Amino acid sequence: MSAAAGTTTTSDEIHHHTSAFLSEILSQPDLRRRLSTTFLQRLPTNLVKPLSFASQTLETAISAAAATSPSVRSSSLRLVEKILLSDNNPNNPFSSFLLSLVHHLRRRPVDAAVSLLDIFRSDPSFSRQEIAPFLFQELFLVHFSPITERYNEQRSKILSSSSIPNSGYDSDHDYDESITPSTTLLSKMSGAQASSLKGLEREYEVLMEENCRIFVDYFKDVLLRNNDDQMIAPPTIILRAGAGDDNKLVYSDDVAIKINGHEFGSTNRRYNPIWAEEGDKPSVELKKTSSKQSKKTTLSSNNPTDCSSSDSESADNKQKVKIKKPTLFESRQQQQQQQNPPLLLSQESNRSFMVEPEINVSGGGGAAAAAKTPSPKDFVCPITTHIFDDPVTLETGQTYERRAIQEWLDRGNATCPITRQKLHSIHLPKTNYVLKRLIASWLDRNPGCSPPTPIGQSKRAVSPNSVISQAAVDGAVTELKLAITDLCTSEILKEAEIAVLKIERLWKESSVGTEIMQALLSKPPVVNGFVEMLFNSVDKLVLRATVLVLTELASRDDSVVQTLTRVDSDVECVVELFKKGLTEAVVLVHLLKPSAKGLLEMELVDYLLAMVSKTEDDDVAKMCVGPKTASLILLGNILRSCDEEARLSEIVRSVVSSGAIEGVVVSLKGGDVAERVAAVGVLLRCVLEDGKCRNVVAEKSELGFLLEMFVGVNDEEKFEIVRFLFELVKLNRRSLNDQILLVLRDEGTFSTMHTLLVYQQNAVFEQSPIVAGLLLQLDILEEPRKMSIYREEAIDTLISCLRNTESPSAQITAAETILSLQGRFSYSGKSLSRAILLKRAGLDKNYKAFMRKDQRRRSISVESQDNTEDERNAEEWERKVAFVLVSHEFGLVFEALAEGLKSKYEELHSLCFMTATWLVYMLSILPDTGIRGAARVCLLKHFISIFKSDKDTENRALAMLALNSFTRDPEGFQDLGGHMKDIMKGLRELKKSSTMAFEMLKVFSAEHDNSADIWNHQELSQEDCSSNGEVLTVTCFKGKIFSGHSDGTIKVWRSGNSELNLIQEIHEHTKHVTSLAVVHSSEKLYSGSLDKTVRVWTITEEGIYCEQVQETKDQINTLEVANSIACYISQGAGVKVHSWNGSSKVLNQHKYAKCLALVQGKLYCGCNDNSIQEIDLATGTIGNIQSGSKKLIGKVYPIYALQVYDGLIYGAGPSFDGSNVKIWSTSNYSIVGSLASTLDIRTMSVSSELIYLGCKSGVIEIWCKKKLSRVETLQISPTSRILCMAIDTNEDFLVVGTSDGRIQTWGFS
C-alpha cells in the first residue's frame, strides 16, 4: 500500500535546514567528538584508522589555531577530501558526515547537503535516532503522517481487546488523581498482544527506512534542479512493506492539513504511533471531587480549540489553522507560543503518553488548576515513577531509569519488567539522548515542574512489579543505622568489629542504595568511628572491611578526606597498615593525597616498589582503584615532586634495581588513564636519571596507544607522554629506533602525527621543540617527500624557538633537539654527536675510548655484521635528517644557528656550534643545491674565530672540520684565502693530533708553495744570557725550555705568549754543559758536560732536581739517551755507550763522530770524514749510509748536524757537490732529496713541514719539506754563530741559542 505525499519541499528549505545543522555541528566541539565516537563504534575495523585520521585532520582545519593559518586549514581540508573520496574508502555514514562538513567549510552548500542526505540513505534508523533527529523531523517527518496515521489505527485495534477499558469509568468508585500509568496497561497485556505490538513496531521501522531512502533521492533531485522553476512533486509514500502501486491514497484538503502535524498533537512531529494512547479518540481524565459535589467529566480532545467553545467556533478556528514549520533555531518556548498546546508529546522508539492538565469546564479555578503541569508519562520511569535522569531503552522497546533497571538486573533477573520478555543481553545500551533532550526541552518550558529526582532520596522507588522491595530497603536501613550506632557508641571492641562487618556487607549488597549509605556513613562521627577501629582492632578482616568502606566513602565525598586528614596520626595509621601487609590500605593513602615529602618521611618508597613489582594485584576486593595502580600513582607523585637530586637518584636506582620497572611497563597498557599516566611519569624519570633502562622499557613496552591518553589529561601530562616517547627513541641501534617510530606512526586508533601536530600548535614555547622533534622523526621515516605539512610545521617550530631570544630555555631545548636528530646515541642514551664529529675531524682517540667503555657497560657482544648494517642505517638516517633541515627555506636554519653563536649563554653557544658543524659537514656529503653558499655567509666568520682563539683543542678541531667542508668548492676556498695565515697556524698546532689537519696543510701548501704570508716567522722573545757564556744546547718539553751554558749553568724557562720567564737556574756542573736530552716516557732530563759527568734530572712543575749523577772517564761533547743507556761522543775515536749499571763499551771505533741521533734502538753517527753510519745497539751491526771522503787539500768535510724524522735521515755539513743537506731513507739508505744551501751549516732542526738550518754566519734558512725549496731566511745576528736549535713539542715556536749568549724564540707571524 502507498500514498502520495501532498507537500513539496524547495531547495531553499533543504539548504536552510542542512546548513543550520552543519553550522551547529561546527560550533560545538563536544558534539562533534561524541558523534565521531558514535560513528567509529559502528565502523568495520579496516575503516577505523583512515577515517580516524580524516576526522583528526578535519579538527585541525576547524580549530581556532588553524583558522589563523590559512595554509594549514586549506591543506587539511584537501587532505580530508582526498581520503574520503579515495577508492579505498567505501561509502558509509561517517564518510558522508565528514564530507558534508568539508563541503560546508569550503562553501559548497549543494555538495554539503547531498553528502549529509547520504547519511539517511546509508543508515536511516541510526541517522534519525542518533545523529540528526531534528533534521529528520524538519525534512522527512512532515511527509510521513500517513504512516503514523495508519499505524495509530493498527495499534488501537490491538489494544481494543485489552482488559483495561480505553474510556469511561465506574461512578461507584473513587479514582486516584492521576490516570492509570501506561506501564500498568502494558503489564496486563496478553502475550499475543505484546507480540503483535512488537511486530507492528518492526514493520514501522522498516517502512520508515524505506521511505527515508526514497525521500533522500527526492531531496537530491530538488537540489540538483535548483534553477528549474518547475516544482517537483514529492514521491509516493509506501504504507505497507512490499505494497504495489495499486493502492494509492489521494489526499483531500482536510487530510493535507493533518500531514503537517497539527492533528497529531506533536509540535516537533517526532511521533511514534505504536506508543500513543487510543489514536484519534479523545482522552478522558477523571477528577476526584468531594462527597458533597457531583463528579465532573472533563474531556480533552485533539481539537486545538477550547472545550467550552461552540461547534461553529471550533469549525471557524479549524479553518484558520495555518501551517508553519518550526526552524532549528526557534526556541521551544517560541514554538509552543506559535502553535496550539499539544495534547500528545511523542518521540520515536518511545511511548507517547501525557498526563493531561486538569481543565475546569465551567472556567472556574482554571488558573489554580494549571499552576502545576503534571509530567508527561513518556518522561517517567515505570519503576521509580520519577522523571528520567538517565533513560535507557531495552531491546524490547521499554525505557527505564538506568540505575533502576541495573538494580533489577543485578538481582538476577534477565527479563524486561514490563513485557516479561527474556533479554538477549544484560548489558545496558547507551543513554537515549533523544528522550533526554526532549525532557530537558520540556523542563525549560515548564519551570514549575520538578527535575528528575535521584533514586534513593526524597521519594522511594516503587515498581508496578515490585522490582525494588520497599520492605527490604526499610529493613536494610534500620540494620545500617543500628550498626552505625554500635560502631560509634559501643565500648566493647567485639561489638564495634561486628558492626563494621555488617556495614561492609550492606555496602557490597547495595540493598540500601549507595546514596543513602554515603549520606549516613560520611558524617564525621562515623568516619572517626572507623578510624578508631583502625587504631584498636587486630582482626585483619575487620581492618580490611574498615579500609574498604573508608576508601569507597573517600572516593565519593571530599568531606570524608578532609575528616581523615585533619589529624596526621590518622594518615600515619593507614600507612602503617599498608606497610604491615594490608595492601588495600594503599588505595586509601592515595585518596588522602599526602605530600611527597610526607611519603618520603614515612619511608614508603620501598613498599610502593614492592607493590608495583607485582605483575597483577593479589586477591583483593574490587575497589575504585587497584592497590597496584594506587601505589604507582603515589610513586609517580614522589618522583614528580622530589626536588632533591641525590634523593631522586636514589629512588630511581631503587626502581631499576628492584625490578619494579618491568611492573611499571606493564601498567602502560592498564585500563585506568591515571595509572597509564603515572607509569609514563615514572618511566620518564627513570630514563632521564639512568639512561640504560630505556632499553628495557623500549623492549617491553606497547607504545602504539599512548597518545590516545591525550584525551582527558592535562597539559603537563601530555608533555610527559611526548617527552617519554622522544627519550625512548634514543637507543644505540638505529634499527631499534626506527622500529619504535614505526609503531608510533602506524598503530593506535588515531593518527599519531596529526595528534602531535595539533598539540604542537597549542603547546607552550619551552615544550614545543620536543613535540616538533618527535613529529619530524615520524615524518622522515620514509624518503623525504616534496611537501609535508608535518615536516614544515615541525622545522618552523624548531627554528622559531631557536631564534626566540626572550626564552633562552626554549632556545637551548631547540638546539638540543636539532642536534639529537642526528640519531647517534650511546647505550645509556647520551648523544654521540660530539664524539662522532671529533672522529671525523681526526681526533678519534676519545671516540674509541668512549665506545670501548660503552661496550663494556653493555656487556653485549654485537656481531660485526650487525654493526655494519646498523652503521649504514645510521648514515642513511643522518643524510635524510640533514637534508630536510638544510633544505627548509633555503638554509634558514643556518641563520638561526649564527644568531645562537652570538649568545652570551655558554650552553646555547656550544650546542649551536656543534649543530652548525654537523650540518656544514653534511653539506659536503649531500648534493650541492646552492645551500653551501648560504651556510658560508652565515657561519664562516664564526668558525674562523673559534679556530683562531678557542683554547679547547676539541672545539678548534670541530671548527677545522667545518672549514674543511668549505674547501670543497672553489668559492669557499677563495673565501678562506683572506684568513689563510690564521688557518695555517691553527692547522700546524693540530697536525700532531689530527690527520685531517695534516691533510689540510698539504692542500694549503700545494696552493701556496712559497708564499711569505704562509711561512713568515717573527721573533717572539729574546733573553741575554751572555754572563753565562755561550748557549751550547737547548731542548723543550711540556711548555718548558732547558738551556745549557758554557759556564756549567742549566736554566729552566717557561714559555709565555711573547716572552720567556726564568723559573730556575742551576750550577751543579763545573764545566760546559754540552748536551741536554729528554726521555719523554719517563719525564727525565739528562745533561752531559765536559766535567765528565751525566746528570739525571726529574722534571716537575716548579723546575728540575737532580736525582742521579753518572761519572764517565771522558768529556762529553754530544749526548743521546735512551731509558737504560747513554751514547756520547768524547775526544777520541768511536762512540761511547754507557749503561746505568756502570758498564760501558765503544762502538764504531774507526770513525771520529761529530754528531749523533738515537731513534728506536738505532744510533746514527755523522762523522768528520763526511760519512754516516747506522748502528743497531742490540746487535752491534753497522750499516753504511754515506761513505766518507778523503781530505782534499788538507781540508775535511764533517757532518755537523744529523736528524732522523718520519723515516728520513737529514745530514748537514760543508758541501763539495753543491748540496749542504742530503736526505736518505732509513729503509734502504737511498738518497731521496737534497737542499741546495751554500751556507756553512752548524745545527739543524726538522718539523713536520719545515727544515731549519742554523749557520755559522748567524743566519737561519727555512726550507719546505714537501717541495725542498727555501721559503724564508732569518737573520739572527751578524756577529754570532748559531750553536743550537730546538722545536717545541707542538711545533709552535723555534728556540735558538747563539755564541754571544742569547736565547731567541721564533714563531709564525
# chains A, B, ... in the order shown; residues from 1 in each chain; ligands from 1
call {"tool": "residues_around", "arguments": {"residues": "A:Asn964", "least_positions_apart": "3", "cutoff": "10 Å", "atoms": "only C-alpha atoms", "output": "mmCIF file with C-alpha atoms, in the first residue's frame"}}
result
data_model
loop_
_atom_site.group_PDB
_atom_site.id
_atom_site.type_symbol
_atom_site.label_atom_id
_atom_site.label_comp_id
_atom_site.auth_asym_id
_atom_site.auth_seq_id
_atom_site.Cartn_x
_atom_site.Cartn_y
_atom_site.Cartn_z
ATOM 1 C CA ALA A 841 87.985 15.654 12.399
ATOM 2 C CA VAL A 920 78.045 22.097 7.442
ATOM 3 C CA TYR A 921 79.907 18.797 7.387
ATOM 4 C CA SER A 924 79.981 18.223 1.863
ATOM 5 C CA LEU A 958 85.374 20.889 15.180
ATOM 6 C CA ALA A 959 85.826 24.317 13.616
ATOM 7 C CA MET A 960 88.503 22.800 11.368
ATOM 8 C CA LEU A 961 86.033 20.112 10.282
ATOM 9 C CA THR A 967 87.197 23.933 0.801
ATOM 10 C CA ARG A 968 85.171 21.506 -1.342
ATOM 11 C CA GLY A 972 84.667 28.507 -0.433
ATOM 12 C CA PHE A 973 88.410 28.072 -0.901
ATOM 13 C CA LEU A 976 89.209 31.151 3.138
ATOM 14 C CA MET A 996 92.684 15.978 8.870
ATOM 15 C CA ALA A 997 94.847 18.920 9.891
ATOM 16 C CA GLU A 999 95.871 16.700 5.037
ATOM 17 C CA MET A 1000 94.539 20.253 5.014
#
call {"tool": "residues_around", "arguments": {"residues": "A:Leu1076", "least_positions_apart": "4", "cutoff": "12 Å", "atoms": "only C-alpha atoms", "output": "short mmCIF file (atom, residue, chain, number, x, y, z; two decimals) with N, CA, C and O atoms, in the first residue's frame"}}
result
data_model
loop_
_atom_site.label_atom_id
_atom_site.label_comp_id
_atom_site.auth_asym_id
_atom_site.auth_seq_id
_atom_site.Cartn_x
_atom_site.Cartn_y
_atom_site.Cartn_z
N VAL A 1031 125.53 29.78 24.64
CA VAL A 1031 124.41 28.85 24.80
C VAL A 1031 124.74 27.65 23.91
O VAL A 1031 124.65 27.71 22.69
N LEU A 1032 125.14 26.54 24.55
CA LEU A 1032 125.65 25.39 23.81
C LEU A 1032 124.56 24.39 23.41
O LEU A 1032 124.72 23.67 22.43
N THR A 1033 123.49 24.33 24.18
CA THR A 1033 122.44 23.34 23.89
C THR A 1033 121.11 23.82 24.43
O THR A 1033 121.04 24.49 25.48
N VAL A 1034 120.03 23.51 23.71
CA VAL A 1034 118.66 23.81 24.16
C VAL A 1034 117.77 22.62 23.82
O VAL A 1034 118.03 21.89 22.86
N THR A 1035 116.72 22.44 24.62
CA THR A 1035 115.69 21.43 24.34
C THR A 1035 114.39 21.88 24.99
O THR A 1035 114.38 22.76 25.88
N CYS A 1036 113.28 21.28 24.55
CA CYS A 1036 111.94 21.69 25.02
C CYS A 1036 111.17 20.46 25.50
O CYS A 1036 111.31 19.36 24.96
N PHE A 1037 110.30 20.71 26.51
CA PHE A 1037 109.42 19.64 26.99
C PHE A 1037 108.28 20.25 27.79
O PHE A 1037 108.49 20.96 28.77
N ILE A 1041 111.50 25.30 28.51
CA ILE A 1041 112.71 25.32 27.70
C ILE A 1041 113.90 25.17 28.65
O ILE A 1041 113.99 25.87 29.67
N PHE A 1042 114.80 24.24 28.30
CA PHE A 1042 116.01 24.00 29.09
C PHE A 1042 117.21 24.43 28.25
O PHE A 1042 117.33 24.02 27.08
N SER A 1043 118.10 25.22 28.87
CA SER A 1043 119.29 25.70 28.15
C SER A 1043 120.56 25.36 28.95
O SER A 1043 120.58 25.44 30.18
N GLY A 1044 121.62 24.90 28.23
CA GLY A 1044 122.91 24.62 28.86
C GLY A 1044 123.96 25.61 28.38
O GLY A 1044 124.04 25.92 27.18
N HIS A 1045 124.75 26.11 29.35
CA HIS A 1045 125.67 27.22 29.06
C HIS A 1045 127.11 26.78 29.28
O HIS A 1045 127.41 25.78 29.96
N GLY A 1048 128.70 26.02 32.78
CA GLY A 1048 128.17 24.89 33.55
C GLY A 1048 126.76 25.11 34.09
O GLY A 1048 126.23 24.28 34.83
N THR A 1049 126.11 26.23 33.71
CA THR A 1049 124.77 26.55 34.22
C THR A 1049 123.69 25.87 33.36
O THR A 1049 123.82 25.79 32.14
N ILE A 1050 122.65 25.40 34.05
CA ILE A 1050 121.43 24.94 33.36
C ILE A 1050 120.30 25.86 33.79
O ILE A 1050 120.08 26.06 35.00
N LYS A 1051 119.59 26.41 32.82
CA LYS A 1051 118.47 27.30 33.11
C LYS A 1051 117.16 26.67 32.62
O LYS A 1051 117.13 26.02 31.56
N VAL A 1052 116.13 26.88 33.43
CA VAL A 1052 114.79 26.39 33.08
C VAL A 1052 113.90 27.60 32.84
O VAL A 1052 113.77 28.47 33.72
N HIS A 1072 131.49 23.21 30.87
CA HIS A 1072 130.49 23.40 29.84
C HIS A 1072 129.41 22.32 29.90
O HIS A 1072 129.72 21.12 30.01
N LYS A 1084 112.31 12.58 32.20
CA LYS A 1084 113.63 12.82 32.78
C LYS A 1084 114.45 13.68 31.83
O LYS A 1084 114.34 13.57 30.60
N LEU A 1085 115.26 14.55 32.40
CA LEU A 1085 116.21 15.37 31.64
C LEU A 1085 117.62 14.88 31.94
O LEU A 1085 117.98 14.65 33.10
N TYR A 1086 118.40 14.69 30.88
CA TYR A 1086 119.80 14.24 31.02
C TYR A 1086 120.70 15.35 30.52
O TYR A 1086 120.48 15.91 29.42
N SER A 1087 121.75 15.65 31.29
CA SER A 1087 122.71 16.69 30.90
C SER A 1087 124.11 16.11 30.85
O SER A 1087 124.55 15.40 31.76
N GLY A 1088 124.83 16.38 29.75
CA GLY A 1088 126.22 15.94 29.60
C GLY A 1088 127.15 17.14 29.61
O GLY A 1088 126.82 18.20 29.06
N SER A 1089 128.32 16.96 30.22
CA SER A 1089 129.21 18.10 30.41
C SER A 1089 130.66 17.69 30.19
O SER A 1089 131.01 16.51 30.21
N VAL A 1094 127.35 12.72 33.70
CA VAL A 1094 125.98 12.79 33.14
C VAL A 1094 125.04 12.85 34.33
O VAL A 1094 125.04 11.97 35.20
N ARG A 1095 124.26 13.90 34.36
CA ARG A 1095 123.34 14.08 35.48
C ARG A 1095 121.90 13.80 35.00
O ARG A 1095 121.50 14.20 33.90
N VAL A 1096 121.16 13.12 35.89
CA VAL A 1096 119.76 12.77 35.60
C VAL A 1096 118.87 13.67 36.45
O VAL A 1096 118.99 13.69 37.68
N TRP A 1097 117.93 14.40 35.78
CA TRP A 1097 117.05 15.36 36.46
C TRP A 1097 115.58 14.93 36.32
O TRP A 1097 115.15 14.49 35.26
N ILE A 1116 132.19 14.83 27.66
CA ILE A 1116 131.04 14.56 26.81
C ILE A 1116 130.78 15.78 25.94
O ILE A 1116 130.55 16.88 26.43
N ASN A 1117 130.90 15.55 24.61
CA ASN A 1117 130.64 16.62 23.65
C ASN A 1117 129.20 16.56 23.10
O ASN A 1117 128.56 17.61 22.90
N THR A 1118 128.70 15.39 22.81
CA THR A 1118 127.34 15.20 22.30
C THR A 1118 126.72 14.00 23.02
O THR A 1118 127.39 12.97 23.18
N LEU A 1119 125.46 14.11 23.42
CA LEU A 1119 124.82 13.08 24.23
C LEU A 1119 123.45 12.71 23.64
O LEU A 1119 122.65 13.57 23.30
N GLU A 1120 123.21 11.40 23.53
CA GLU A 1120 121.88 10.86 23.19
C GLU A 1120 121.55 9.81 24.23
O GLU A 1120 122.39 9.01 24.61
N VAL A 1121 120.31 9.80 24.70
CA VAL A 1121 119.93 8.96 25.83
C VAL A 1121 118.69 8.15 25.49
O VAL A 1121 117.75 8.65 24.86
N ALA A 1126 123.30 5.62 27.76
CA ALA A 1126 123.64 6.93 27.24
C ALA A 1126 124.74 6.76 26.21
O ALA A 1126 125.73 6.05 26.44
N TYR A 1128 127.46 8.83 23.86
CA TYR A 1128 128.06 10.17 23.79
C TYR A 1128 129.34 10.12 22.98
O TYR A 1128 129.95 9.07 22.76
N CYS A 1284 122.92 26.11 18.52
CA CYS A 1284 121.91 25.05 18.80
C CYS A 1284 120.52 25.56 18.47
O CYS A 1284 120.27 26.76 18.50
N MET A 1285 119.62 24.61 18.17
CA MET A 1285 118.22 24.92 17.89
C MET A 1285 117.34 23.77 18.40
O MET A 1285 117.79 22.62 18.48
N ALA A 1286 116.12 24.10 18.72
CA ALA A 1286 115.15 23.08 19.13
C ALA A 1286 113.73 23.58 18.81
O ALA A 1286 113.49 24.80 18.84
#
call {"tool": "closest_residue", "arguments": {"among": "A:Leu668, A:Leu926, A:Ala814, A:Leu837", "to": "A:Gly900", "atoms": "only C-alpha atoms"}}
result
A:Ala814
call {"tool": "residues_around", "arguments": {"residues": "A:Val542", "least_positions_apart": "6", "cutoff": "12 Å", "atoms": "only C-alpha atoms", "output": "ChimeraX atom specification"}}
result
/A:487,493-505,530-536,548-549,582
call {"tool": "closest_residue", "arguments": {"among": "A:Asn1228, A:Ser768, A:Ser654, A:Gln1203", "to": "A:Thr1243", "atoms": "only C-alpha atoms"}}
result
A:Gln1203
call {"tool": "atom_distance", "arguments": {"atom1": "atom CA of A:Ser1234", "atom2": "atom CA of A:Leu1208"}}
result
11.7 Å
call {"tool": "closest_residue", "arguments": {"among": "A:Asp12, A:Ala660, A:Glu1272, A:Cys1025", "to": "A:Thr1298", "atoms": "only C-alpha atoms"}}
result
A:Cys1025
call {"tool": "residues_around", "arguments": {"residues": "A:Phe1293", "least_positions_apart": "6", "cutoff": "7 Å", "atoms": "only C-alpha atoms", "output": "JSON, numbers by chain"}}
result
{"A": [1287, 1305, 1306, 1307]}
call {"tool": "write_last_selection", "arguments": {"atoms": "N, CA and C atoms", "output": "compact mmCIF listing (two decimals), in the first residue's frame"}}
result
# COMPACT_ATOMS: atom_id res chain seq x y z
N ILE A 1287 112.84 22.64 18.49
CA ILE A 1287 111.43 22.96 18.21
C ILE A 1287 110.58 22.40 19.36
N THR A 1305 113.29 33.05 20.66
CA THR A 1305 112.19 32.18 20.19
C THR A 1305 111.54 32.85 19.00
N TRP A 1306 111.22 31.99 18.01
CA TRP A 1306 110.61 32.47 16.77
C TRP A 1306 109.35 31.65 16.51
N GLY A 1307 108.33 32.32 16.04
CA GLY A 1307 107.08 31.63 15.69
C GLY A 1307 106.49 32.19 14.42
call {"tool": "select_by_dssp", "arguments": {"residues": "stretch 1064-1225 of chain A", "states": "strand (DSSP E)", "output": "ChimeraX atom specification"}}
result
/A:1064-1066,1073-1079,1084-1089,1093-1099,1104-1111,1118-1121,1125-1129,1135-1139,1144-1147,1153-1159,1162-1167,1172-1176,1182-1186,1201-1205,1208-1212,1221-1225
call {"tool": "residues_around", "arguments": {"residues": "A:Thr749", "least_positions_apart": "3", "cutoff": "12 Å", "atoms": "only C-alpha atoms", "output": "list in words"}}
result
Thr37, Leu40, Gln41, Thr45, Asn46, Leu47, Val48, Lys49, Pro50, Leu51, Ser52, Phe53, Ala54, Ser55, Gln56, Gly704, Phe705, Leu706, Leu707, Glu708, Met709, Leu744, Arg745, Asp746, Thr752, Met753, His754 and Thr755 of chain A
call {"tool": "residues_around", "arguments": {"residues": "stretch 1151-1168 of chain A", "least_positions_apart": "5", "cutoff": "6 Å", "atoms": "only C-alpha atoms", "output": "PyMOL selection string"}}
result
chain A and resi 1133-1134+1173-1177+1198-1199+1201
